[in-house]
Amino acid sequence: MARKSRSLTRLMLDAATGIARLQRRALKLATTTATQTAAAHAKTLKTATSKSTAAKAGTGAVPASPRKRRVGGPVAGATKAGSAALTQGALSASPLQRSVRRGVPAVASAATGSWVAGAFSTPPMQGELIGRLDYFVYLPSSRPAAGLPLIVMLHGCSQSASDLAAGTRMNRLAEREGFAVLYPQQSRGAQSHRCWRWFQPEAGVGAAEADAIANLADSVTQQYRLDPERRYVAGMSAGAGMAALVALRHAHRFAAVAMHSGAVIGAASSTSAGLSTMRRGTLRDPLTLLAGVLGANTRRGRLQDDAALPALILQGMRDPVVAPRNAEQLTKQFLHVNGMDNETPLTTELAVATPDAYRRLDYRRGSKTVVRVCEIAQLDHAWAGGDPAHRFHAKRGPDASALLWRFFRSHRREGATAERSGGLP
């Protein structure tokens, strides 16, 4: 009997040793892959920019040369304390598994700040052995990082973080206006087309991705000492669906949300249902769908203590992928969340009789625009006013990046000590 017990103990020890060996190998593979991914995206951005520059030859636009930065060196404009927080020792003790500073590829002629690649440790999600979320951060060189606002930008299906940065020209705007940009990136391992899984909002899938993005935003805010009261989330297409999910689950962490070409939330629970929702919206009451996606900070379909979650909704009226009906239903959902079901919008027609024409609907509480909808007349499934050299971005329409920033900068998170006065014009 004693001999059998010793044999069983030895088998258990051998099994434990084998599992530990496998975990070490998996961690090494994940780290190697992350480094290769960051290098590949830097190369992709450089190539895309070269093609875009060649296509625009003769226009007089000359892109600035990328600024080279030593890996591990200080971030442009950062304080000594902020730079110290980025040392290798600080990173090893934080959820930021890897943070590599690079010169910013010339995604826009004025984007001369720092492009930081990283991998964020998360609990393993469905189908994962080790949980992680790749990301990139843009820090402008025009001012110190400490105290800057942060915009979290979520790409669409078949896109990468680099594609979104280049196509929206958001880094150029960040350089000029003075804010940081965080670009989380979905992995092909989680979803083969790099779609954020807004269409599977249950725990362990879409909800877990939303929670990971919110936690990543917290860590980046702390790491660079950004302003936690001016933190925003936005996305395009599948990224819009995930932005809505992130904001609804974590309204206490974000001051506002923007959704460009996004589907109504809560109507889908599978890939096929997600495609159906995109094509036609939902046949159910959009308000009854909120219960399945709202976070713990909500009650009866609204935010606790009547807090606000400002929302900007942009929709191309010629979109063949996401039907404009989705924008109407998203509007109903965010009006309801903000306790504004019966509000009548202030309607303004802008850039009339031009390719950039759009109708703006503002739902106000007092002098403050809480929900804004922009219906862009001649836009299909693309980021308005973007760089058409990149997929899913169109020159047609108003500059969506500028519209986002204009809306965001007028809002601080509810409860901030220094709320901006007035509202959007």
# chains A, B, ... in the order shown; residues from 1 in each chain; ligands from 1
>>> residues_around(residues="stretch 350-353 of chain A", least_positions_apart="2", cutoff="10 Å", atoms="only C-alpha atoms", output="list in words")
Thr347, Thr348, Pro355, Asp356, Ala357, Tyr358, Arg359, Arg360, Cys374, Ile376, Ala377, Gly397 and Pro398 of chain A
>>> residues_around(residues="A:Glu229", least_positions_apart="4", cutoff="8 Å", atoms="only C-alpha atoms", output="list in words")
Pro149, Arg253, Phe254, Ala255, Arg412, Arg413 and Ala416 of chain A
>>> atom_distance(atom1="atom CA of A:Ser114", atom2="atom CA of A:Ala166")
14.5 Å
>>> residues_around(residues="A:Ala247", least_positions_apart="4", cutoff="9 Å", atoms="only C-alpha atoms", output="PDB file with all heavy atoms, in the first residue's frame")
ATOM      1  N   ALA A 210     -14.342  43.649 -23.356  1.00  0.00           N
ATOM      2  CA  ALA A 210     -14.674  45.006 -22.898  1.00  0.00           C
ATOM      3  C   ALA A 210     -13.999  45.309 -21.570  1.00  0.00           C
ATOM      4  O   ALA A 210     -13.454  46.409 -21.369  1.00  0.00           O
ATOM      5  CB  ALA A 210     -16.193  45.153 -22.771  1.00  0.00           C
ATOM      6  N   ALA A 214     -11.094  48.207 -20.763  1.00  0.00           N
ATOM      7  CA  ALA A 214     -11.259  49.193 -19.688  1.00  0.00           C
ATOM      8  C   ALA A 214     -10.092  49.128 -18.706  1.00  0.00           C
ATOM      9  O   ALA A 214      -9.573  50.169 -18.266  1.00  0.00           O
ATOM     10  CB  ALA A 214     -12.583  48.957 -18.962  1.00  0.00           C
ATOM     11  N   TYR A 232     -11.849  58.783 -22.926  1.00  0.00           N
ATOM     12  CA  TYR A 232     -12.938  58.551 -23.871  1.00  0.00           C
ATOM     13  C   TYR A 232     -12.681  57.267 -24.656  1.00  0.00           C
ATOM     14  O   TYR A 232     -11.539  56.832 -24.789  1.00  0.00           O
ATOM     15  CB  TYR A 232     -13.057  59.734 -24.838  1.00  0.00           C
ATOM     16  CG  TYR A 232     -12.983  61.085 -24.165  1.00  0.00           C
ATOM     17  CD1 TYR A 232     -11.786  61.799 -24.078  1.00  0.00           C
ATOM     18  CD2 TYR A 232     -14.110  61.651 -23.569  1.00  0.00           C
ATOM     19  CE1 TYR A 232     -11.711  63.027 -23.437  1.00  0.00           C
ATOM     20  CE2 TYR A 232     -14.055  62.883 -22.929  1.00  0.00           C
ATOM     21  CZ  TYR A 232     -12.847  63.566 -22.864  1.00  0.00           C
ATOM     22  OH  TYR A 232     -12.780  64.780 -22.222  1.00  0.00           O
ATOM     23  N   VAL A 233     -13.746  56.692 -25.202  1.00  0.00           N
ATOM     24  CA  VAL A 233     -13.603  55.481 -26.004  1.00  0.00           C
ATOM     25  C   VAL A 233     -14.406  55.640 -27.293  1.00  0.00           C
ATOM     26  O   VAL A 233     -15.521  56.170 -27.281  1.00  0.00           O
ATOM     27  CB  VAL A 233     -14.047  54.226 -25.221  1.00  0.00           C
ATOM     28  CG1 VAL A 233     -15.492  54.315 -24.756  1.00  0.00           C
ATOM     29  CG2 VAL A 233     -13.819  52.953 -26.043  1.00  0.00           C
ATOM     30  N   MET A 242     -17.877  47.424 -29.896  1.00  0.00           N
ATOM     31  CA  MET A 242     -17.120  47.180 -28.670  1.00  0.00           C
ATOM     32  C   MET A 242     -17.004  48.445 -27.832  1.00  0.00           C
ATOM     33  O   MET A 242     -17.043  48.390 -26.604  1.00  0.00           O
ATOM     34  CB  MET A 242     -15.734  46.633 -29.029  1.00  0.00           C
ATOM     35  CG  MET A 242     -14.868  46.291 -27.817  1.00  0.00           C
ATOM     36  SD  MET A 242     -15.675  45.225 -26.571  1.00  0.00           S
ATOM     37  CE  MET A 242     -15.906  43.708 -27.492  1.00  0.00           C
ATOM     38  N   ALA A 243     -16.869  49.617 -28.478  1.00  0.00           N
ATOM     39  CA  ALA A 243     -16.816  50.879 -27.730  1.00  0.00           C
ATOM     40  C   ALA A 243     -18.092  51.063 -26.913  1.00  0.00           C
ATOM     41  O   ALA A 243     -18.051  51.486 -25.746  1.00  0.00           O
ATOM     42  CB  ALA A 243     -16.615  52.054 -28.683  1.00  0.00           C
ATOM     43  N   ALA A 251     -19.237  52.760 -17.415  1.00  0.00           N
ATOM     44  CA  ALA A 251     -19.577  54.175 -17.575  1.00  0.00           C
ATOM     45  C   ALA A 251     -18.853  55.060 -16.560  1.00  0.00           C
ATOM     46  O   ALA A 251     -18.601  56.237 -16.825  1.00  0.00           O
ATOM     47  CB  ALA A 251     -21.088  54.363 -17.453  1.00  0.00           C
ATOM     48  N   HIS A 252     -18.499  54.509 -15.399  1.00  0.00           N
ATOM     49  CA  HIS A 252     -17.816  55.293 -14.373  1.00  0.00           C
ATOM     50  C   HIS A 252     -16.353  55.553 -14.729  1.00  0.00           C
ATOM     51  O   HIS A 252     -15.686  56.344 -14.062  1.00  0.00           O
ATOM     52  CB  HIS A 252     -17.896  54.561 -13.030  1.00  0.00           C
ATOM     53  CG  HIS A 252     -17.275  53.198 -13.037  1.00  0.00           C
ATOM     54  ND1 HIS A 252     -17.771  52.167 -13.801  1.00  0.00           N
ATOM     55  CD2 HIS A 252     -16.186  52.701 -12.385  1.00  0.00           C
ATOM     56  CE1 HIS A 252     -17.034  51.083 -13.613  1.00  0.00           C
ATOM     57  NE2 HIS A 252     -16.070  51.392 -12.774  1.00  0.00           N
ATOM     58  N   ARG A 253     -15.836  54.911 -15.770  1.00  0.00           N
ATOM     59  CA  ARG A 253     -14.438  55.094 -16.141  1.00  0.00           C
ATOM     60  C   ARG A 253     -14.246  56.002 -17.350  1.00  0.00           C
ATOM     61  O   ARG A 253     -13.125  56.431 -17.631  1.00  0.00           O
ATOM     62  CB  ARG A 253     -13.789  53.738 -16.467  1.00  0.00           C
ATOM     63  CG  ARG A 253     -13.790  52.732 -15.337  1.00  0.00           C
ATOM     64  CD  ARG A 253     -12.877  51.582 -15.708  1.00  0.00           C
ATOM     65  NE  ARG A 253     -13.069  50.435 -14.831  1.00  0.00           N
ATOM     66  CZ  ARG A 253     -12.325  49.345 -14.853  1.00  0.00           C
ATOM     67  NH1 ARG A 253     -11.340  49.259 -15.724  1.00  0.00           N
ATOM     68  NH2 ARG A 253     -12.560  48.347 -14.040  1.00  0.00           N
ATOM     69  N   PHE A 254     -15.314  56.267 -18.092  1.00  0.00           N
ATOM     70  CA  PHE A 254     -15.183  57.032 -19.336  1.00  0.00           C
ATOM     71  C   PHE A 254     -16.108  58.243 -19.327  1.00  0.00           C
ATOM     72  O   PHE A 254     -17.241  58.169 -18.868  1.00  0.00           O
ATOM     73  CB  PHE A 254     -15.484  56.141 -20.536  1.00  0.00           C
ATOM     74  CG  PHE A 254     -14.482  55.030 -20.710  1.00  0.00           C
ATOM     75  CD1 PHE A 254     -14.690  53.784 -20.143  1.00  0.00           C
ATOM     76  CD2 PHE A 254     -13.308  55.252 -21.415  1.00  0.00           C
ATOM     77  CE1 PHE A 254     -13.757  52.762 -20.277  1.00  0.00           C
ATOM     78  CE2 PHE A 254     -12.363  54.249 -21.557  1.00  0.00           C
ATOM     79  CZ  PHE A 254     -12.589  53.000 -20.984  1.00  0.00           C
ATOM     80  N   ALA A 255     -15.584  59.342 -19.875  1.00  0.00           N
ATOM     81  CA  ALA A 255     -16.348  60.584 -19.882  1.00  0.00           C
ATOM     82  C   ALA A 255     -17.326  60.654 -21.041  1.00  0.00           C
ATOM     83  O   ALA A 255     -18.304  61.400 -20.990  1.00  0.00           O
ATOM     84  CB  ALA A 255     -15.396  61.779 -19.937  1.00  0.00           C
ATOM     85  N   ALA A 256     -17.081  59.885 -22.122  1.00  0.00           N
ATOM     86  CA  ALA A 256     -17.972  59.891 -23.283  1.00  0.00           C
ATOM     87  C   ALA A 256     -17.578  58.744 -24.199  1.00  0.00           C
ATOM     88  O   ALA A 256     -16.480  58.187 -24.096  1.00  0.00           O
ATOM     89  CB  ALA A 256     -17.903  61.224 -24.030  1.00  0.00           C
ATOM     90  N   VAL A 257     -18.485  58.419 -25.128  1.00  0.00           N
ATOM     91  CA  VAL A 257     -18.253  57.345 -26.089  1.00  0.00           C
ATOM     92  C   VAL A 257     -18.656  57.837 -27.477  1.00  0.00           C
ATOM     93  O   VAL A 257     -19.573  58.652 -27.613  1.00  0.00           O
ATOM     94  CB  VAL A 257     -19.050  56.076 -25.709  1.00  0.00           C
ATOM     95  CG1 VAL A 257     -20.547  56.364 -25.616  1.00  0.00           C
ATOM     96  CG2 VAL A 257     -18.805  54.933 -26.698  1.00  0.00           C
ATOM     97  N   LEU A 294     -25.549  45.969 -19.814  1.00  0.00           N
ATOM     98  CA  LEU A 294     -25.197  47.018 -18.853  1.00  0.00           C
ATOM     99  C   LEU A 294     -24.318  46.474 -17.739  1.00  0.00           C
ATOM    100  O   LEU A 294     -24.453  45.329 -17.317  1.00  0.00           O
ATOM    101  CB  LEU A 294     -26.460  47.640 -18.257  1.00  0.00           C
ATOM    102  CG  LEU A 294     -27.278  48.510 -19.214  1.00  0.00           C
ATOM    103  CD1 LEU A 294     -28.614  48.873 -18.587  1.00  0.00           C
ATOM    104  CD2 LEU A 294     -26.523  49.768 -19.593  1.00  0.00           C
ATOM    105  N   GLY A 295     -23.409  47.312 -17.258  1.00  0.00           N
ATOM    106  CA  GLY A 295     -22.535  46.915 -16.171  1.00  0.00           C
ATOM    107  C   GLY A 295     -23.191  47.091 -14.818  1.00  0.00           C
ATOM    108  O   GLY A 295     -24.353  47.480 -14.691  1.00  0.00           O
ATOM    109  N   LEU A 309     -23.728  59.595 -19.577  1.00  0.00           N
ATOM    110  CA  LEU A 309     -22.779  58.924 -20.461  1.00  0.00           C
ATOM    111  C   LEU A 309     -22.959  59.541 -21.844  1.00  0.00           C
ATOM    112  O   LEU A 309     -23.693  59.023 -22.684  1.00  0.00           O
ATOM    113  CB  LEU A 309     -23.025  57.412 -20.503  1.00  0.00           C
ATOM    114  CG  LEU A 309     -22.106  56.605 -21.450  1.00  0.00           C
ATOM    115  CD1 LEU A 309     -20.644  56.833 -21.095  1.00  0.00           C
ATOM    116  CD2 LEU A 309     -22.447  55.132 -21.407  1.00  0.00           C
TER     117      LEU A 309
END
>>> closest_residue(among="A:Val371, A:Val205, A:Ala384, A:Ala190", to="A:Ser270", atoms="only C-alpha atoms")
A:Val205
>>> atom_distance(atom1="atom CA of A:Thr271", atom2="atom CA of A:Ala217")
26.7 Å
>>> residues_around(residues="A:Gly292", least_positions_apart="3", cutoff="9 Å", atoms="only C-alpha atoms", output="NGL selection string")
:A and (201-202 or 266 or 288-289 or 295)
>>> residues_around(residues="A:Pro124", least_positions_apart="4", cutoff="12 Å", atoms="only C-alpha atoms", output="VMD selection string")
chain A and resid 120 128 to 133 190 203 to 205 208 to 209 212
>>> closest_residue(among="A:Thr331, A:Gln223, A:Ser160, A:Gln126", to="A:Ala207", atoms="only C-alpha atoms")
A:Gln126
>>> atom_distance(atom1="atom CA of A:Ala402", atom2="atom CA of A:Gln378")
18.3 Å
>>> select_by_dssp(residues="stretch 144-319 of chain A", states="strand (DSSP E)", output="ChimeraX atom specification")
/A:150-154,180-185,231-236,256-260,298-299,302-303,311-316
>>> closest_residue(among="A:Gly147, A:Gly167, A:Cys157, A:Val220", to="A:Ala119", atoms="only C-alpha atoms")
A:Val220
>>> closest_residue(among="A:Val137, A:Val321, A:Met259, A:Ala161", to="A:Val373", atoms="only C-alpha atoms")
A:Met259
>>> closest_residue(among="A:Ser410, A:Gln333, A:Gln159, A:Thr122", to="A:Thr369", atoms="only C-alpha atoms")
A:Ser410
>>> residues_around(residues="A:Asn171", least_positions_apart="4", cutoff="12 Å", atoms="only C-alpha atoms", output="VMD selection string")
chain A and resid 104 to 115 136 to 142 150 to 153 161 to 167 175 to 183 401 to 402 405
>>> residues_around(residues="A:Arg279", least_positions_apart="5", cutoff="8 Å", atoms="only C-alpha atoms", output="PyMOL selection string")
chain A and resi 320-323
>>> write_last_selection(atoms="C-alpha atoms", output="PDB file, in the first residue's frame")
ATOM      1  CA  PRO A 320     -24.489  48.779 -47.269  1.00  0.00           C
ATOM      2  CA  VAL A 321     -22.846  46.935 -44.345  1.00  0.00           C
ATOM      3  CA  VAL A 322     -24.400  48.576 -41.274  1.00  0.00           C
ATOM      4  CA  ALA A 323     -27.925  49.778 -42.025  1.00  0.00           C
TER       5      ALA A 323
END
>>> select_by_dssp(residues="stretch 154-350 of chain A", states="helix (DSSP H, G or I)", output="VMD selection string")
chain A and resid 161 to 168 170 to 177 206 to 224 238 to 249 271 to 280 286 to 292 304 to 306 325 to 337
>>> decode(residues="stretch 163-191 of chain A", atoms="C-alpha atoms", output="tab-separated table (two decimals), in the first residue's frame")
chain	number	residue	atom	x	y	z
A	163	ASP	CA	-4.56	50.72	-40.05
A	164	LEU	CA	-6.92	52.71	-37.84
A	165	ALA	CA	-4.22	55.16	-36.76
A	166	ALA	CA	-3.17	55.84	-40.34
A	167	GLY	CA	-6.65	55.94	-41.89
A	168	THR	CA	-8.21	58.27	-39.29
A	169	ARG	CA	-5.16	60.54	-39.04
A	170	MET	CA	-5.93	60.62	-35.32
A	171	ASN	CA	-2.26	60.89	-34.33
A	172	ARG	CA	-1.86	64.09	-36.35
A	173	LEU	CA	-4.89	65.55	-34.55
A	174	ALA	CA	-3.50	64.40	-31.19
A	175	GLU	CA	-0.21	66.14	-31.96
A	176	ARG	CA	-1.99	69.38	-32.78
A	177	GLU	CA	-4.62	69.36	-30.02
A	178	GLY	CA	-2.66	67.69	-27.23
A	179	PHE	CA	-4.08	64.32	-26.20
A	180	ALA	CA	-2.87	60.72	-26.02
A	181	VAL	CA	-4.34	57.87	-28.08
A	182	LEU	CA	-4.56	54.21	-27.08
A	183	TYR	CA	-5.08	51.59	-29.80
A	184	PRO	CA	-5.91	48.13	-28.41
A	185	GLN	CA	-5.62	45.39	-31.04
A	186	GLN	CA	-7.70	42.23	-31.35
A	187	SER	CA	-5.70	39.07	-32.02
A	188	ARG	CA	-6.37	36.66	-34.87
A	189	GLY	CA	-6.25	33.88	-32.30
A	190	ALA	CA	-9.33	35.28	-30.59
A	191	GLN	CA	-11.15	36.11	-33.84
